[in-house]
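Dumped entry37.cif below, it's mmCIF, C-alpha atoms:
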```cif
data_target
loop_
_atom_site.label_atom_id
_atom_site.label_comp_id
_atom_site.auth_asym_id
_atom_site.auth_seq_id
_atom_site.Cartn_x
_atom_site.Cartn_y
_atom_site.Cartn_z
CA MET A 1333 -12.57 -15.37 8.24
CA SER A 1334 -13.72 -11.80 7.85
CA TYR A 1335 -11.65 -8.90 9.08
CA LYS A 1336 -13.40 -5.74 10.14
CA LEU A 1337 -12.12 -2.63 11.86
CA GLU A 1338 -14.72 -0.90 13.99
CA LYS A 1339 -14.86 2.91 14.11
CA PRO A 1340 -13.59 4.92 15.86
CA TYR A 1341 -10.02 3.73 15.46
CA THR A 1342 -6.62 5.32 15.81
CA GLU A 1343 -4.08 5.73 13.03
CA THR A 1344 -1.97 2.99 14.65
CA GLU A 1345 -4.92 0.58 14.82
CA TYR A 1346 -5.65 1.24 11.15
CA ALA A 1347 -2.02 0.62 10.16
CA ASP A 1348 -1.92 -2.63 12.17
CA PHE A 1349 -5.17 -3.74 10.52
CA VAL A 1350 -3.82 -3.07 7.02
CA VAL A 1351 -0.62 -4.99 7.75
CA LEU A 1352 -2.47 -7.98 9.21
CA HIS A 1353 -5.00 -8.09 6.38
CA SER A 1354 -2.31 -7.73 3.70
CA HIS A 1355 -0.12 -10.47 5.15
CA THR A 1356 -3.13 -12.77 5.53
CA ASN A 1357 -3.82 -12.28 1.81
CA GLY A 1358 -0.22 -13.03 0.84
CA ARG A 1359 0.98 -9.49 0.24
CA LEU A 1360 4.27 -7.91 1.22
CA ILE A 1361 4.28 -4.33 2.45
CA GLU A 1362 7.39 -2.28 1.77
CA GLU A 1363 7.72 1.15 3.34
CA THR A 1364 9.71 3.69 1.36
CA ASP A 1365 10.52 7.35 1.96
CA ARG A 1366 7.54 8.49 -0.09
CA LYS A 1367 4.83 5.84 0.26
CA LYS A 1368 3.93 2.34 1.32
CA ILE A 1369 3.85 -0.25 -1.43
CA CYS A 1370 1.81 -3.42 -1.15
CA ASN A 1371 2.89 -6.26 -3.46
CA LYS A 1372 1.83 -9.86 -3.87
CA TYR A 1373 4.40 -12.42 -2.78
CA SER A 1374 6.03 -14.14 -5.75
#
```
Structure translated into structure tokens:
Amino acid sequence: MSYKLEKPYTETEYADFVVLHSHTNGRLIEETDRKKICNKYS
């Protein structure tokens, strides 16, 4: 399945897309004070 985000999109739509795509690919997103970190599940 291909994921594609059509322009124009809001910042919230983009964030939701990144989270969905990352989780689908087996990544864990951790939000810190300074940045978001995307790591592969172990």
Point-to-point distance in Å for atom CA of A:His1353 and atom CA of A:Tyr1341: 15.7 Å
Atomic separation - atom CA of A:Tyr1335 relative to atom CA of A:Val1351, Å: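 Distance reported for this atom pair: 11.8 Å.
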Separation of atom CA of A:Leu1352 from atom CA of A:Glu1338 in Å: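 Computing the Euclidean distance for atom CA of A:Glu1338 and atom CA of A:Leu1352 yields 14.9 Å.
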Taking all atoms of stretch 1346-1356 of chain A that the file lists and extending 8 Å past them on each side, where is the centre of the axis-aligned box and how long are its edges? Answer in Å to one decimal, as JSON.
```
{"center_x": -2.9, "center_y": -5.8, "center_z": 7.9, "size_x": 21.5, "size_y": 30.0, "size_z": 24.5}
```
Target residues per the PyMOL selection byres ((chain A and resi 1337) around 12), formatted as number ranges by chain: A: 1334-1336, 1338-1350, 1352-1353
